[in-house]
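Colleague: final-v2.pdb is reproduced in full below (PDB, C-alpha atoms).
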```
ATOM      1  CA  ARG S   1       3.050  33.673   5.133  1.00  0.00           C
ATOM      2  CA  LYS S   2       2.207  30.290   6.644  1.00  0.00           C
ATOM      3  CA  GLU S   3       4.848  27.582   6.473  1.00  0.00           C
ATOM      4  CA  VAL S   4       2.372  25.097   5.021  1.00  0.00           C
ATOM      5  CA  GLU S   5      -0.839  25.887   3.189  1.00  0.00           C
ATOM      6  CA  GLN S   6      -3.565  23.442   2.352  1.00  0.00           C
ATOM      7  CA  ASP S   7      -6.993  23.801   0.800  1.00  0.00           C
ATOM      8  CA  PRO S   8      -9.365  22.941   3.681  1.00  0.00           C
ATOM      9  CA  GLY S   9     -12.081  21.673   1.340  1.00  0.00           C
ATOM     10  CA  PRO S  10     -14.445  20.073   2.046  1.00  0.00           C
ATOM     11  CA  PHE S  11     -14.135  17.651  -0.821  1.00  0.00           C
ATOM     12  CA  ASN S  12     -17.278  15.570  -1.337  1.00  0.00           C
ATOM     13  CA  VAL S  13     -16.754  12.857  -3.921  1.00  0.00           C
ATOM     14  CA  PRO S  14     -18.715   9.753  -4.999  1.00  0.00           C
ATOM     15  CA  GLU S  15     -17.374   6.282  -4.337  1.00  0.00           C
ATOM     16  CA  GLY S  16     -14.952   5.231  -7.016  1.00  0.00           C
ATOM     17  CA  ALA S  17     -13.847   8.759  -7.844  1.00  0.00           C
ATOM     18  CA  THR S  18     -10.280   9.984  -8.014  1.00  0.00           C
ATOM     19  CA  VAL S  19      -9.446  12.933  -5.802  1.00  0.00           C
ATOM     20  CA  ALA S  20      -6.268  14.963  -5.409  1.00  0.00           C
ATOM     21  CA  PHE S  21      -5.074  17.236  -2.624  1.00  0.00           C
ATOM     22  CA  ASN S  22      -2.265  19.741  -2.852  1.00  0.00           C
ATOM     23  CA  CYS S  23      -0.180  21.367  -0.208  1.00  0.00           C
ATOM     24  CA  THR S  24       2.387  24.153  -0.612  1.00  0.00           C
ATOM     25  CA  TYR S  25       5.293  24.945   1.688  1.00  0.00           C
ATOM     26  CA  SER S  26       7.172  28.211   1.954  1.00  0.00           C
ATOM     27  CA  ASN S  27      10.665  27.226   3.095  1.00  0.00           C
ATOM     28  CA  SER S  28      12.968  25.719   0.485  1.00  0.00           C
ATOM     29  CA  ALA S  29      15.115  24.238   3.278  1.00  0.00           C
ATOM     30  CA  SER S  30      12.326  21.780   4.131  1.00  0.00           C
ATOM     31  CA  GLN S  31      13.734  18.279   4.171  1.00  0.00           C
ATOM     32  CA  SER S  32      11.009  15.703   4.419  1.00  0.00           C
ATOM     33  CA  PHE S  33       7.318  15.497   3.745  1.00  0.00           C
ATOM     34  CA  PHE S  34       4.455  13.372   4.955  1.00  0.00           C
ATOM     35  CA  TRP S  35       0.738  12.831   4.575  1.00  0.00           C
ATOM     36  CA  TYR S  36      -1.302  11.961   7.654  1.00  0.00           C
ATOM     37  CA  ARG S  37      -4.894  10.866   7.954  1.00  0.00           C
ATOM     38  CA  GLN S  38      -6.989  12.010  10.893  1.00  0.00           C
ATOM     39  CA  ASP S  39     -10.412  10.622  11.700  1.00  0.00           C
ATOM     40  CA  CYS S  40     -12.877  12.672  13.715  1.00  0.00           C
ATOM     41  CA  ARG S  41     -11.765  13.061  17.350  1.00  0.00           C
ATOM     42  CA  LYS S  42      -8.785  10.749  16.814  1.00  0.00           C
ATOM     43  CA  GLU S  43      -5.056  11.286  16.516  1.00  0.00           C
ATOM     44  CA  PRO S  44      -3.294  11.832  13.160  1.00  0.00           C
ATOM     45  CA  LYS S  45      -1.881   8.621  11.715  1.00  0.00           C
ATOM     46  CA  LEU S  46       0.920   8.437   9.192  1.00  0.00           C
ATOM     47  CA  LEU S  47      -0.462   7.623   5.768  1.00  0.00           C
ATOM     48  CA  MET S  48       2.745   7.870   3.797  1.00  0.00           C
ATOM     49  CA  SER S  49       6.022   9.648   3.472  1.00  0.00           C
ATOM     50  CA  VAL S  50       6.602  11.597   0.277  1.00  0.00           C
ATOM     51  CA  TYR S  51       9.770  10.909  -1.663  1.00  0.00           C
ATOM     52  CA  SER S  52      11.402  13.034  -4.322  1.00  0.00           C
ATOM     53  CA  SER S  53      10.732  10.481  -7.043  1.00  0.00           C
ATOM     54  CA  GLY S  54       7.101  10.080  -6.020  1.00  0.00           C
ATOM     55  CA  ASN S  55       5.721   6.985  -4.356  1.00  0.00           C
ATOM     56  CA  GLU S  56       2.665   4.821  -4.394  1.00  0.00           C
ATOM     57  CA  ASP S  57       0.924   2.673  -1.812  1.00  0.00           C
ATOM     58  CA  GLY S  58      -2.035   0.852  -3.258  1.00  0.00           C
ATOM     59  CA  ARG S  59      -4.639   3.437  -4.258  1.00  0.00           C
ATOM     60  CA  PHE S  60      -2.588   6.313  -2.848  1.00  0.00           C
ATOM     61  CA  THR S  61       0.095   8.221  -4.752  1.00  0.00           C
ATOM     62  CA  ALA S  62       2.200  10.988  -3.280  1.00  0.00           C
ATOM     63  CA  GLN S  63       4.363  13.397  -5.226  1.00  0.00           C
ATOM     64  CA  LEU S  64       6.829  16.122  -4.376  1.00  0.00           C
ATOM     65  CA  ASN S  65       7.733  19.074  -6.560  1.00  0.00           C
ATOM     66  CA  ARG S  66      10.688  20.845  -4.949  1.00  0.00           C
ATOM     67  CA  ALA S  67      10.953  23.495  -7.659  1.00  0.00           C
ATOM     68  CA  SER S  68       7.391  24.661  -7.073  1.00  0.00           C
ATOM     69  CA  GLN S  69       7.424  23.704  -3.390  1.00  0.00           C
ATOM     70  CA  TYR S  70       4.320  21.596  -3.248  1.00  0.00           C
ATOM     71  CA  ILE S  71       3.330  18.068  -2.405  1.00  0.00           C
ATOM     72  CA  SER S  72       0.272  16.216  -3.581  1.00  0.00           C
ATOM     73  CA  LEU S  73      -1.780  13.191  -2.619  1.00  0.00           C
ATOM     74  CA  LEU S  74      -3.890  11.318  -5.149  1.00  0.00           C
ATOM     75  CA  ILE S  75      -6.509   8.820  -4.043  1.00  0.00           C
ATOM     76  CA  ARG S  76      -7.880   6.526  -6.730  1.00  0.00           C
ATOM     77  CA  ASP S  77     -11.096   4.494  -6.541  1.00  0.00           C
ATOM     78  CA  SER S  78     -12.268   6.277  -3.385  1.00  0.00           C
ATOM     79  CA  LYS S  79     -13.878   4.153  -0.678  1.00  0.00           C
ATOM     80  CA  LEU S  80     -16.330   5.235   2.012  1.00  0.00           C
ATOM     81  CA  SER S  81     -13.602   4.411   4.530  1.00  0.00           C
ATOM     82  CA  ASP S  82     -11.345   7.077   2.997  1.00  0.00           C
ATOM     83  CA  SER S  83     -13.559   9.777   4.535  1.00  0.00           C
ATOM     84  CA  ALA S  84     -11.272  11.679   6.912  1.00  0.00           C
ATOM     85  CA  THR S  85      -9.147  14.788   7.178  1.00  0.00           C
ATOM     86  CA  TYR S  86      -5.800  14.621   5.396  1.00  0.00           C
ATOM     87  CA  LEU S  87      -2.916  16.623   6.846  1.00  0.00           C
ATOM     88  CA  CYS S  88       0.283  17.463   5.076  1.00  0.00           C
ATOM     89  CA  VAL S  89       3.317  17.753   7.310  1.00  0.00           C
ATOM     90  CA  VAL S  90       6.680  19.239   6.431  1.00  0.00           C
ATOM     91  CA  ASN S  91       9.862  18.643   8.400  1.00  0.00           C
ATOM     92  CA  ARG S  92      12.800  21.002   8.621  1.00  0.00           C
ATOM     93  CA  ALA S  93      15.994  20.294  10.574  1.00  0.00           C
ATOM     94  CA  GLY S  94      14.894  17.068  12.190  1.00  0.00           C
ATOM     95  CA  ASN S  95      12.695  18.324  15.001  1.00  0.00           C
ATOM     96  CA  GLN S  96      10.792  21.147  13.346  1.00  0.00           C
ATOM     97  CA  PHE S  97       7.477  19.963  11.968  1.00  0.00           C
ATOM     98  CA  TYR S  98       4.965  22.200  10.250  1.00  0.00           C
ATOM     99  CA  PHE S  99       1.371  21.240   9.641  1.00  0.00           C
ATOM    100  CA  GLY S 100      -1.230  22.160   7.116  1.00  0.00           C
ATOM    101  CA  THR S 101      -4.699  22.830   8.474  1.00  0.00           C
ATOM    102  CA  GLY S 102      -6.012  19.652   6.878  1.00  0.00           C
ATOM    103  CA  THR S 103      -8.294  18.864   3.963  1.00  0.00           C
ATOM    104  CA  SER S 104     -11.640  17.274   4.738  1.00  0.00           C
ATOM    105  CA  LEU S 105     -12.752  14.442   2.457  1.00  0.00           C
ATOM    106  CA  THR S 106     -16.188  12.835   2.445  1.00  0.00           C
ATOM    107  CA  VAL S 107     -16.800   9.917   0.108  1.00  0.00           C
ATOM    108  CA  ILE S 108     -20.479   9.592  -0.715  1.00  0.00           C
ATOM    109  CA  PRO S 109     -22.194   6.277  -1.523  1.00  0.00           C
TER     110      PRO S 109
ATOM    111  CA  ASP F   1       5.369  -0.762  15.440  1.00  0.00           C
ATOM    112  CA  VAL F   2       5.886   2.468  17.352  1.00  0.00           C
ATOM    113  CA  LYS F   3       3.626   2.910  20.300  1.00  0.00           C
ATOM    114  CA  VAL F   4       3.028   6.256  21.948  1.00  0.00           C
ATOM    115  CA  THR F   5       0.765   5.994  24.956  1.00  0.00           C
ATOM    116  CA  GLN F   6      -1.008   8.847  26.691  1.00  0.00           C
ATOM    117  CA  SER F   7      -2.188   8.147  30.181  1.00  0.00           C
ATOM    118  CA  SER F   8      -5.745   9.443  29.859  1.00  0.00           C
ATOM    119  CA  ARG F   9      -8.163   9.583  26.966  1.00  0.00           C
ATOM    120  CA  TYR F  10     -10.588  11.971  28.650  1.00  0.00           C
ATOM    121  CA  LEU F  11      -9.985  14.273  31.585  1.00  0.00           C
ATOM    122  CA  VAL F  12     -12.194  16.801  33.355  1.00  0.00           C
ATOM    123  CA  LYS F  13     -10.542  19.265  35.727  1.00  0.00           C
ATOM    124  CA  ARG F  14     -11.550  22.376  37.591  1.00  0.00           C
ATOM    125  CA  THR F  15     -10.132  25.856  37.059  1.00  0.00           C
ATOM    126  CA  GLY F  16      -6.978  26.369  39.102  1.00  0.00           C
ATOM    127  CA  GLU F  17      -6.090  22.690  39.431  1.00  0.00           C
ATOM    128  CA  LYS F  18      -2.627  21.458  38.559  1.00  0.00           C
ATOM    129  CA  VAL F  19      -2.918  18.924  35.743  1.00  0.00           C
ATOM    130  CA  PHE F  20      -0.413  16.299  34.649  1.00  0.00           C
ATOM    131  CA  LEU F  21      -0.563  14.674  31.214  1.00  0.00           C
ATOM    132  CA  GLU F  22       1.766  11.730  30.769  1.00  0.00           C
ATOM    133  CA  CYS F  23       3.186  10.292  27.571  1.00  0.00           C
ATOM    134  CA  VAL F  24       5.354   7.224  27.083  1.00  0.00           C
ATOM    135  CA  GLN F  25       6.948   5.927  23.872  1.00  0.00           C
ATOM    136  CA  ASP F  26       8.530   2.546  23.375  1.00  0.00           C
ATOM    137  CA  MET F  27      10.798   3.106  20.372  1.00  0.00           C
ATOM    138  CA  ASP F  28      13.781   4.848  21.966  1.00  0.00           C
ATOM    139  CA  HIS F  29      13.018   8.072  20.088  1.00  0.00           C
ATOM    140  CA  GLU F  30      15.097  11.107  20.957  1.00  0.00           C
ATOM    141  CA  ASN F  31      12.445  13.697  20.127  1.00  0.00           C
ATOM    142  CA  MET F  32       9.162  14.097  21.941  1.00  0.00           C
ATOM    143  CA  PHE F  33       6.519  16.750  21.455  1.00  0.00           C
ATOM    144  CA  TRP F  34       3.349  18.107  22.992  1.00  0.00           C
ATOM    145  CA  TYR F  35       0.732  19.701  20.741  1.00  0.00           C
ATOM    146  CA  ARG F  36      -2.744  20.970  21.253  1.00  0.00           C
ATOM    147  CA  GLN F  37      -5.362  20.828  18.544  1.00  0.00           C
ATOM    148  CA  ASP F  38      -8.330  23.143  18.380  1.00  0.00           C
ATOM    149  CA  PRO F  39     -10.983  23.493  15.644  1.00  0.00           C
ATOM    150  CA  GLY F  40      -9.931  26.059  13.081  1.00  0.00           C
ATOM    151  CA  LEU F  41      -6.453  26.470  14.598  1.00  0.00           C
ATOM    152  CA  GLY F  42      -4.891  23.159  13.661  1.00  0.00           C
ATOM    153  CA  LEU F  43      -2.016  21.637  15.591  1.00  0.00           C
ATOM    154  CA  ARG F  44       0.074  24.004  17.671  1.00  0.00           C
ATOM    155  CA  LEU F  45       3.347  23.095  19.350  1.00  0.00           C
ATOM    156  CA  ILE F  46       3.502  23.669  23.092  1.00  0.00           C
ATOM    157  CA  TYR F  47       6.916  22.212  23.969  1.00  0.00           C
ATOM    158  CA  PHE F  48       9.330  19.694  22.607  1.00  0.00           C
ATOM    159  CA  SER F  49      12.316  17.811  23.944  1.00  0.00           C
ATOM    160  CA  TYR F  50      15.258  16.431  21.962  1.00  0.00           C
ATOM    161  CA  ASP F  51      16.943  14.624  24.853  1.00  0.00           C
ATOM    162  CA  VAL F  52      16.528  13.736  28.501  1.00  0.00           C
ATOM    163  CA  LYS F  53      16.204  16.859  30.662  1.00  0.00           C
ATOM    164  CA  MET F  54      16.270  19.053  27.547  1.00  0.00           C
ATOM    165  CA  LYS F  55      13.247  21.102  26.526  1.00  0.00           C
ATOM    166  CA  GLU F  56      12.435  23.844  24.079  1.00  0.00           C
ATOM    167  CA  LYS F  57       9.440  26.160  23.984  1.00  0.00           C
ATOM    168  CA  GLY F  58       7.122  25.813  21.064  1.00  0.00           C
ATOM    169  CA  ASP F  59       4.642  28.342  19.751  1.00  0.00           C
ATOM    170  CA  ILE F  60       2.302  28.480  22.758  1.00  0.00           C
ATOM    171  CA  PRO F  61       4.196  27.558  25.969  1.00  0.00           C
ATOM    172  CA  GLU F  62       2.418  30.017  28.270  1.00  0.00           C
ATOM    173  CA  GLY F  63       0.614  28.281  31.103  1.00  0.00           C
ATOM    174  CA  TYR F  64       2.423  24.994  30.524  1.00  0.00           C
ATOM    175  CA  SER F  65       5.619  23.313  31.637  1.00  0.00           C
ATOM    176  CA  VAL F  66       7.168  19.965  30.771  1.00  0.00           C
ATOM    177  CA  SER F  67       9.394  17.343  32.296  1.00  0.00           C
ATOM    178  CA  ARG F  68      11.586  14.715  30.687  1.00  0.00           C
ATOM    179  CA  GLU F  69      13.424  12.752  33.326  1.00  0.00           C
ATOM    180  CA  LYS F  70      13.621   9.553  31.268  1.00  0.00           C
ATOM    181  CA  LYS F  71      14.015   9.140  27.541  1.00  0.00           C
ATOM    182  CA  GLU F  72      10.733   7.318  27.087  1.00  0.00           C
ATOM    183  CA  ARG F  73       8.546   9.672  29.139  1.00  0.00           C
ATOM    184  CA  PHE F  74       7.490  13.255  28.479  1.00  0.00           C
ATOM    185  CA  SER F  75       5.056  14.961  30.805  1.00  0.00           C
ATOM    186  CA  LEU F  76       3.015  18.084  30.224  1.00  0.00           C
ATOM    187  CA  ILE F  77       1.991  20.104  33.244  1.00  0.00           C
ATOM    188  CA  LEU F  78      -0.719  22.724  33.393  1.00  0.00           C
ATOM    189  CA  GLU F  79       0.336  24.739  36.422  1.00  0.00           C
ATOM    190  CA  SER F  80      -3.088  26.237  37.057  1.00  0.00           C
ATOM    191  CA  ALA F  81      -5.692  25.018  34.610  1.00  0.00           C
ATOM    192  CA  SER F  82      -7.897  27.585  32.913  1.00  0.00           C
ATOM    193  CA  THR F  83     -10.956  27.184  30.713  1.00  0.00           C
ATOM    194  CA  ASN F  84      -9.022  28.318  27.624  1.00  0.00           C
ATOM    195  CA  GLN F  85      -6.843  25.228  28.037  1.00  0.00           C
ATOM    196  CA  THR F  86      -9.795  23.003  27.197  1.00  0.00           C
ATOM    197  CA  SER F  87      -8.498  21.183  24.146  1.00  0.00           C
ATOM    198  CA  MET F  88      -7.268  17.963  22.579  1.00  0.00           C
ATOM    199  CA  TYR F  89      -3.670  17.333  23.662  1.00  0.00           C
ATOM    200  CA  LEU F  90      -1.485  15.181  21.460  1.00  0.00           C
ATOM    201  CA  CYS F  91       1.888  13.753  22.356  1.00  0.00           C
ATOM    202  CA  ALA F  92       4.229  12.649  19.568  1.00  0.00           C
ATOM    203  CA  SER F  93       7.701  11.229  19.163  1.00  0.00           C
ATOM    204  CA  SER F  94      10.218  10.930  16.362  1.00  0.00           C
ATOM    205  CA  ASN F  95      13.723   9.726  15.745  1.00  0.00           C
ATOM    206  CA  ARG F  96      16.520  12.183  15.344  1.00  0.00           C
ATOM    207  CA  GLY F  97      17.119  12.680  11.638  1.00  0.00           C
ATOM    208  CA  GLY F  98      15.310  14.637   8.992  1.00  0.00           C
ATOM    209  CA  ASN F  99      13.403  11.776   7.425  1.00  0.00           C
ATOM    210  CA  SER F 100      11.759  10.434  10.547  1.00  0.00           C
ATOM    211  CA  PRO F 101       7.998  11.006  10.758  1.00  0.00           C
ATOM    212  CA  LEU F 102       6.024  11.906  13.850  1.00  0.00           C
ATOM    213  CA  HIS F 103       4.180   9.158  15.707  1.00  0.00           C
ATOM    214  CA  PHE F 104       1.231  10.371  17.741  1.00  0.00           C
ATOM    215  CA  GLY F 105      -0.386   9.092  20.881  1.00  0.00           C
ATOM    216  CA  ASN F 106      -4.153   8.690  20.850  1.00  0.00           C
ATOM    217  CA  GLY F 107      -4.726  12.058  22.487  1.00  0.00           C
ATOM    218  CA  THR F 108      -6.148  13.398  25.721  1.00  0.00           C
ATOM    219  CA  ARG F 109      -9.333  15.399  25.517  1.00  0.00           C
ATOM    220  CA  LEU F 110      -9.121  17.796  28.451  1.00  0.00           C
ATOM    221  CA  THR F 111     -12.074  19.814  29.662  1.00  0.00           C
ATOM    222  CA  VAL F 112     -11.498  22.523  32.254  1.00  0.00           C
ATOM    223  CA  THR F 113     -14.660  23.714  33.982  1.00  0.00           C
TER     224      THR F 113
END
```
As structure tokens - that is how I would like this structure written.
Modeller:
Amino acid sequence: RKEVEQDPGPFNVPEGATVAFNCTYSNSASQSFFWYRQDCRKEPKLLMSVYSSGNEDGRFTAQLNRASQYISLLIRDSKLSDSATYLCVVNRAGNQFYFGTGTSLTVIP
Amino acid sequence: DVKVTQSSRYLVKRTGEKVFLECVQDMDHENMFWYRQDPGLGLRLIYFSYDVKMKEKGDIPEGYSVSREKKERFSLILESASTNQTSMYLCASSNRGGNSPLHFGNGTRLTVT
């Protein structure tokens, strides 16, 4: 079983829509969780960390469910500029990072 | 803001050449990593280092070696480049500690002909 599983999509949504991505992880010892955004042929960039109580940054909300071992990312009021691949990343023991395969999002005018 | 700098954005090398990819970070991070990213395979760890002169093999170390002589610099070496090493190479760094995220360099797109 993969350490981190993510629906690859693609998700094609109209501007202004709300879209949610989920990611599941297999190891209950996982310590920290992150969402990254990756544009085509560019490096992944940290979008936000995911905290146990859930956290929000503008139109983006991240949540963690340790009991069910999944993290989610909600994007409200989608913009054309949100089109990218979104990677979930799970950290175990400080220097062990595990990556989802990424979810592709295209926001359509 | 953390800056991770990779020496080359694009590189074209011939089969059999020895290739050096350099990475420098400016935030005094203990951990440094080399990944490759290929379509459909995602990010795969080649090597990582948690301290100067320390290195650990990742998932796909074959055909690669690394060097970390200074804390801020982590080099990836392709001993004898092959066409199946054509890929996007990403360097990353992080602080020691479970809550520290990865910070990536802007990548080196290597083509081996």
Colleague: Show me which bits of chain F are within 7 Å of chain S, counting only C-alpha atoms, as a PyMOL selection string.
Modeller: chain F and resi 31+42-43+96-99+104-107
Colleague: Please write the residues picked by the PyMOL selection byres ((chain F and resi 59) around 7) on this file as a list in words.
Modeller: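 Selected by the PyMOL selection byres ((chain F and resi 59) around 7) here: Arg44, Leu45, Ile46, Lys57, Gly58, Ile60 and Pro61 of chain F.
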Colleague: What does the distance between atom CA of Ser28 of chain S and atom CA of Leu64 of chain S come to in Å, to one decimal place?
Modeller: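 Calculated distance between atom CA of Ser28 of chain S and atom CA of Leu64 of chain S is 12.4 Å.
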Colleague: Go ahead and compute the interatomic distance for atom CA of Arg73 of chain F and atom CA of Tyr86 of chain S, in Å to one decimal.
Modeller: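 Computing the Euclidean distance for atom CA of Arg73 of chain F and atom CA of Tyr86 of chain S yields 28.2 Å.
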Colleague: State, in Å with one decimal place, the distance from atom CA of Pro39 of chain F to atom CA of Phe21 of chain S.
Modeller: 20.2 Å
Colleague: I need the residue set behind the PyMOL selection byres ((chain F and resi 9) around 7) for this file; please write it as a ChimeraX atom specification.
Modeller: /F:7-8,10-11,107-109
Colleague: Which residues, protein or nucleic acid, reach to within 12 Å of (4.7, 17.0, -6.7) in the file's coordinates when using only C-alpha atoms, and can you give that as a list in words?
Modeller: Ala20, Phe21, Asn22, Cys23, Thr24, Tyr25, Phe33, Val50, Tyr51, Ser52, Ser53, Gly54, Asn55, Thr61, Ala62, Gln63, Leu64, Asn65, Arg66, Ala67, Ser68, Gln69, Tyr70, Ile71, Ser72, Leu73 and Leu74 of chain S
Colleague: Please define a box with edges along x, y and z of the file around all atoms of segment 56-61 of chain F given in the file, extend it by 3 Å on each side, and return its centre and edge lengths in Å to one decimal, as lines of an AutoDock Vina configuration file.
Modeller:
```
center_x = 7.4
center_y = 26.2
center_z = 22.9
size_x = 16.1
size_y = 10.6
size_z = 12.2
```
